[in-house]
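Data from run_1.cif: mmCIF, C-alpha atoms
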data_upload
#
loop_
_atom_site.group_PDB
_atom_site.id
_atom_site.type_symbol
_atom_site.label_atom_id
_atom_site.label_comp_id
_atom_site.auth_asym_id
_atom_site.auth_seq_id
_atom_site.Cartn_x
_atom_site.Cartn_y
_atom_site.Cartn_z
ATOM 1 C CA MET A 1 16.593 10.969 4.837
ATOM 2 C CA LYS A 2 13.027 10.241 3.780
ATOM 3 C CA SER A 3 11.276 7.201 5.178
ATOM 4 C CA TYR A 4 10.210 4.346 2.931
ATOM 5 C CA TYR A 5 6.621 5.472 3.463
ATOM 6 C CA ASP A 6 7.470 8.906 2.044
ATOM 7 C CA LEU A 7 9.361 7.392 -0.884
ATOM 8 C CA ILE A 8 6.394 5.166 -1.754
ATOM 9 C CA LYS A 9 3.865 7.954 -1.293
ATOM 10 C CA ASP A 10 5.937 10.271 -3.509
ATOM 11 C CA ASN A 11 6.177 7.428 -6.060
ATOM 12 C CA LEU A 12 9.979 7.378 -5.853
ATOM 13 C CA ILE A 13 9.546 3.692 -5.012
ATOM 14 C CA GLU A 14 6.977 2.167 -7.361
ATOM 15 C CA PHE A 15 3.996 1.101 -5.270
ATOM 16 C CA ASP A 16 2.538 -1.181 -7.958
ATOM 17 C CA LYS A 17 5.725 -3.145 -8.528
ATOM 18 C CA LYS A 18 6.650 -3.450 -4.869
ATOM 19 C CA LEU A 19 3.130 -4.451 -3.830
ATOM 20 C CA LEU A 20 3.094 -7.225 -6.433
ATOM 21 C CA GLU A 21 6.452 -8.464 -5.142
ATOM 22 C CA ASN A 22 5.480 -8.320 -1.446
ATOM 23 C CA TYR A 23 1.684 -8.620 -1.049
ATOM 24 C CA TYR A 24 1.930 -12.073 0.512
ATOM 25 C CA LYS A 25 4.279 -10.701 3.199
ATOM 26 C CA LEU A 26 1.510 -8.270 4.141
ATOM 27 C CA GLY A 27 -1.025 -11.084 4.461
ATOM 28 C CA LEU A 28 -2.949 -9.961 1.377
ATOM 29 C CA SER A 29 -4.690 -12.266 -1.061
ATOM 30 C CA GLU A 30 -4.264 -11.842 -4.795
ATOM 31 C CA VAL A 31 -7.701 -10.233 -5.053
ATOM 32 C CA GLU A 32 -6.967 -7.787 -2.214
ATOM 33 C CA CYS A 33 -3.685 -6.931 -3.921
ATOM 34 C CA LEU A 34 -5.502 -6.279 -7.189
ATOM 35 C CA VAL A 35 -8.036 -4.044 -5.442
ATOM 36 C CA LEU A 36 -5.213 -1.984 -3.923
ATOM 37 C CA LEU A 37 -3.506 -1.771 -7.306
ATOM 38 C CA ARG A 38 -6.746 -0.607 -8.939
ATOM 39 C CA LEU A 39 -7.297 1.986 -6.209
ATOM 40 C CA HIS A 40 -3.746 3.255 -6.639
ATOM 41 C CA GLN A 41 -4.176 3.427 -10.407
ATOM 42 C CA TYR A 42 -7.513 5.203 -10.015
ATOM 43 C CA LYS A 43 -6.000 7.679 -7.575
ATOM 44 C CA THR A 44 -3.073 8.536 -9.835
ATOM 45 C CA GLN A 45 -5.256 8.873 -12.942
ATOM 46 C CA SER A 46 -8.088 10.890 -11.481
ATOM 47 C CA ASN A 47 -8.551 11.514 -7.784
ATOM 48 C CA ASN A 48 -9.180 9.929 -4.425
ATOM 49 C CA ILE A 49 -12.981 9.810 -4.671
ATOM 50 C CA LEU A 50 -14.141 6.224 -4.236
ATOM 51 C CA ASN A 51 -16.268 5.315 -7.244
ATOM 52 C CA SER A 52 -16.886 1.578 -6.865
ATOM 53 C CA GLU A 53 -18.671 1.140 -10.183
ATOM 54 C CA GLU A 54 -15.839 2.766 -12.093
ATOM 55 C CA ILE A 55 -13.195 0.664 -10.373
ATOM 56 C CA ILE A 56 -14.934 -2.725 -10.672
ATOM 57 C CA LYS A 57 -15.597 -2.221 -14.392
ATOM 58 C CA LYS A 58 -12.037 -3.436 -14.925
ATOM 59 C CA MET A 59 -12.354 -6.367 -12.516
ATOM 60 C CA SER A 60 -14.239 -9.645 -12.441
ATOM 61 C CA ILE A 61 -15.762 -9.242 -8.975
ATOM 62 C CA SER A 62 -19.233 -8.174 -7.924
ATOM 63 C CA SER A 63 -19.942 -4.870 -6.235
ATOM 64 C CA ASP A 64 -20.859 -6.776 -3.043
ATOM 65 C CA ASN A 65 -17.538 -8.624 -3.078
ATOM 66 C CA PHE A 66 -15.708 -5.336 -3.748
ATOM 67 C CA ALA A 67 -17.493 -3.719 -0.782
ATOM 68 C CA GLU A 68 -16.505 -6.635 1.473
ATOM 69 C CA ILE A 69 -12.871 -6.379 0.387
ATOM 70 C CA ILE A 70 -12.849 -2.619 0.957
ATOM 71 C CA ALA A 71 -14.337 -3.086 4.440
ATOM 72 C CA ASP A 72 -11.702 -5.718 5.242
ATOM 73 C CA LEU A 73 -8.858 -3.520 3.960
ATOM 74 C CA VAL A 74 -10.175 -0.647 6.087
ATOM 75 C CA SER A 75 -10.343 -2.879 9.173
ATOM 76 C CA ARG A 76 -6.737 -3.972 8.564
ATOM 77 C CA SER A 77 -5.587 -0.330 8.080
ATOM 78 C CA PHE A 78 -4.543 -0.660 4.425
ATOM 79 C CA ILE A 79 -6.957 2.063 3.345
ATOM 80 C CA ASP A 80 -8.808 4.877 5.076
ATOM 81 C CA LEU A 81 -12.242 6.111 4.038
ATOM 82 C CA THR A 82 -13.680 9.532 4.820
ATOM 83 C CA LEU A 83 -16.966 11.224 4.014
ATOM 84 C CA ASP A 84 -16.848 14.852 2.914
ATOM 85 C CA LEU A 85 -19.915 17.070 2.804
ATOM 86 C CA ASP A 86 -19.836 19.694 0.064
ATOM 87 C CA ASP A 87 -21.663 23.044 -0.156
ATOM 88 C CA GLU A 88 -24.652 21.374 -1.813
ATOM 89 C CA GLN A 89 -25.012 18.943 1.108
ATOM 90 C CA VAL A 90 -23.811 15.983 -0.977
ATOM 91 C CA TYR A 91 -21.544 13.412 0.641
ATOM 92 C CA THR A 92 -18.446 12.228 -1.184
ATOM 93 C CA GLU A 93 -16.524 9.160 -0.070
ATOM 94 C CA ARG A 94 -12.773 9.594 -0.347
ATOM 95 C CA PHE A 95 -10.045 7.031 0.152
ATOM 96 C CA SER A 96 -6.422 7.158 1.188
ATOM 97 C CA LEU A 97 -3.787 4.489 0.605
ATOM 98 C CA ASP A 98 -1.449 5.873 3.260
ATOM 99 C CA GLY A 99 -1.950 2.744 5.366
ATOM 100 C CA ALA A 100 -0.890 0.501 2.486
ATOM 101 C CA TYR A 101 2.117 2.734 1.773
ATOM 102 C CA ARG A 102 3.081 2.640 5.452
ATOM 103 C CA GLN A 103 2.742 -1.155 5.763
ATOM 104 C CA LEU A 104 4.735 -1.722 2.593
ATOM 105 C CA GLY A 105 7.377 0.663 3.948
ATOM 106 C CA TYR A 106 7.634 -1.438 7.132
ATOM 107 C CA ILE A 107 8.662 -4.421 5.011
ATOM 108 C CA PHE A 108 11.571 -2.456 3.532
ATOM 109 C CA GLU A 109 12.593 -1.203 6.961
ATOM 110 C CA ALA A 110 12.533 -4.764 8.332
ATOM 111 C CA ASN A 111 14.627 -6.012 5.391
ATOM 112 C CA GLU A 112 17.100 -3.178 5.883
ATOM 113 C CA THR A 113 17.437 -4.021 9.586
ATOM 114 C CA LYS A 114 17.917 -7.702 8.758
ATOM 115 C CA GLU A 115 20.641 -6.851 6.241
ATOM 116 C CA GLU A 116 22.400 -4.643 8.816
ATOM 117 C CA ILE A 117 22.343 -7.459 11.375
ATOM 118 C CA LEU A 118 23.685 -9.993 8.860
ATOM 119 C CA PHE A 119 26.440 -7.587 7.845
ATOM 120 C CA GLN A 120 27.377 -7.033 11.481
ATOM 121 C CA LEU A 121 27.434 -10.794 12.170
ATOM 122 C CA LYS A 122 29.633 -11.439 9.126
ATOM 123 C CA TRP A 123 31.934 -8.574 10.089
ATOM 124 C CA ASN A 124 32.205 -9.815 13.681
ATOM 125 C CA LYS A 125 32.908 -13.372 12.506
ATOM 126 C CA HIS A 126 35.497 -12.207 9.979
ATOM 127 C CA TYR A 127 37.339 -10.112 12.563
ATOM 128 C CA LYS A 128 36.622 -12.597 15.391
ATOM 129 C CA ILE A 129 35.086 -10.055 17.712
#
Show me this structure written as structure tokens.
Amino acid sequence: MKSYYDLIKDNLIEFDKKLLENYYKLGLSEVECLVLLRLHQYKTQSNNILNSEEIIKKMSISSDNFAEIIADLVSRSFIDLTLDLDDEQVYTERFSLDGAYRQLGYIFEANETKEEILFQLKWNKHYKI
């Protein structure tokens, strides 16, 4: 069986919807949640090249504030940034949301474990074990 991380990454579990429902459980602010949603949208529509100007066009934050949020999300392992050097010696900054997918997956795993424990407790109580 696939992990929740895999299901989210493969978009079998909707990242956008589940992030909106659970961002506070991950310790994210509304603005951080919106940045992750925009990055996810940008990634699915085009690619994983980080183009700050393009992303913040649809937001009401400054480029400095966006950069601070990105740095914070990197430090908290929600996103990963890499620099790629192409044949023309030009650097391209790429991002990955695997950390966000993984952390959101942990919430589902924790809920599943909690539900299993509650079921077991109810079963034990019902059968007086």
> Using only C-alpha atoms, which of A:Asp98, A:Asp72, A:Asp86, A:Glu54 sits nearest Asp10 in chain A?
Replying inline: A:Asp98
> Contacts of Tyr106 in chain A at 10 Å or less, counting all atoms listed in the file, minus same-chain residues fewer than 4 places along, as an NGL selection string?
Replying inline: :A and (3-5 or 26 or 100-102 or 110-112)
>> Going by the chain IDs and residue numbers used in this file, which residues fall under the PyMOL selection byres ((chain A and resi 36) around 9)? Write them as a count of residues only.
In response: 17
>> With all atoms listed in the file as the counted atoms, please give the residues lying no more than 12 Å from Asp84 in chain A, apart from itself and same-chain residues fewer than 4 positions off, as a PyMOL selection string.
In response: chain A and resi 48-50+88-95
> If you measure from CA of Leu83 in chain A to CA of Glu30 in chain A, what distance in Å do you get, rounded to one decimal?
Replying inline: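 So the two atoms, CA of Leu83 in chain A and CA of Glu30 in chain A, lie 27.8 Å apart.
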> For the atom pair CA of Glu109 in chain A and CA of Thr44 in chain A, what is the interatomic distance in Å to one decimal place?
Replying inline: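 Computing the Euclidean distance for CA of Glu109 in chain A and CA of Thr44 in chain A yields 24.9 Å.
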>> I'd like the interatomic distance between CA of Asn22 in chain A and CA of Glu53 in chain A, to a tenth of an Å.
In response: 27.4 Å
> With distances taken over only C-alpha atoms, which of A:Leu12, A:Gly27, A:Ile55, A:Leu104 is nearest to Lys43 in chain A?
Replying inline: A:Ile55
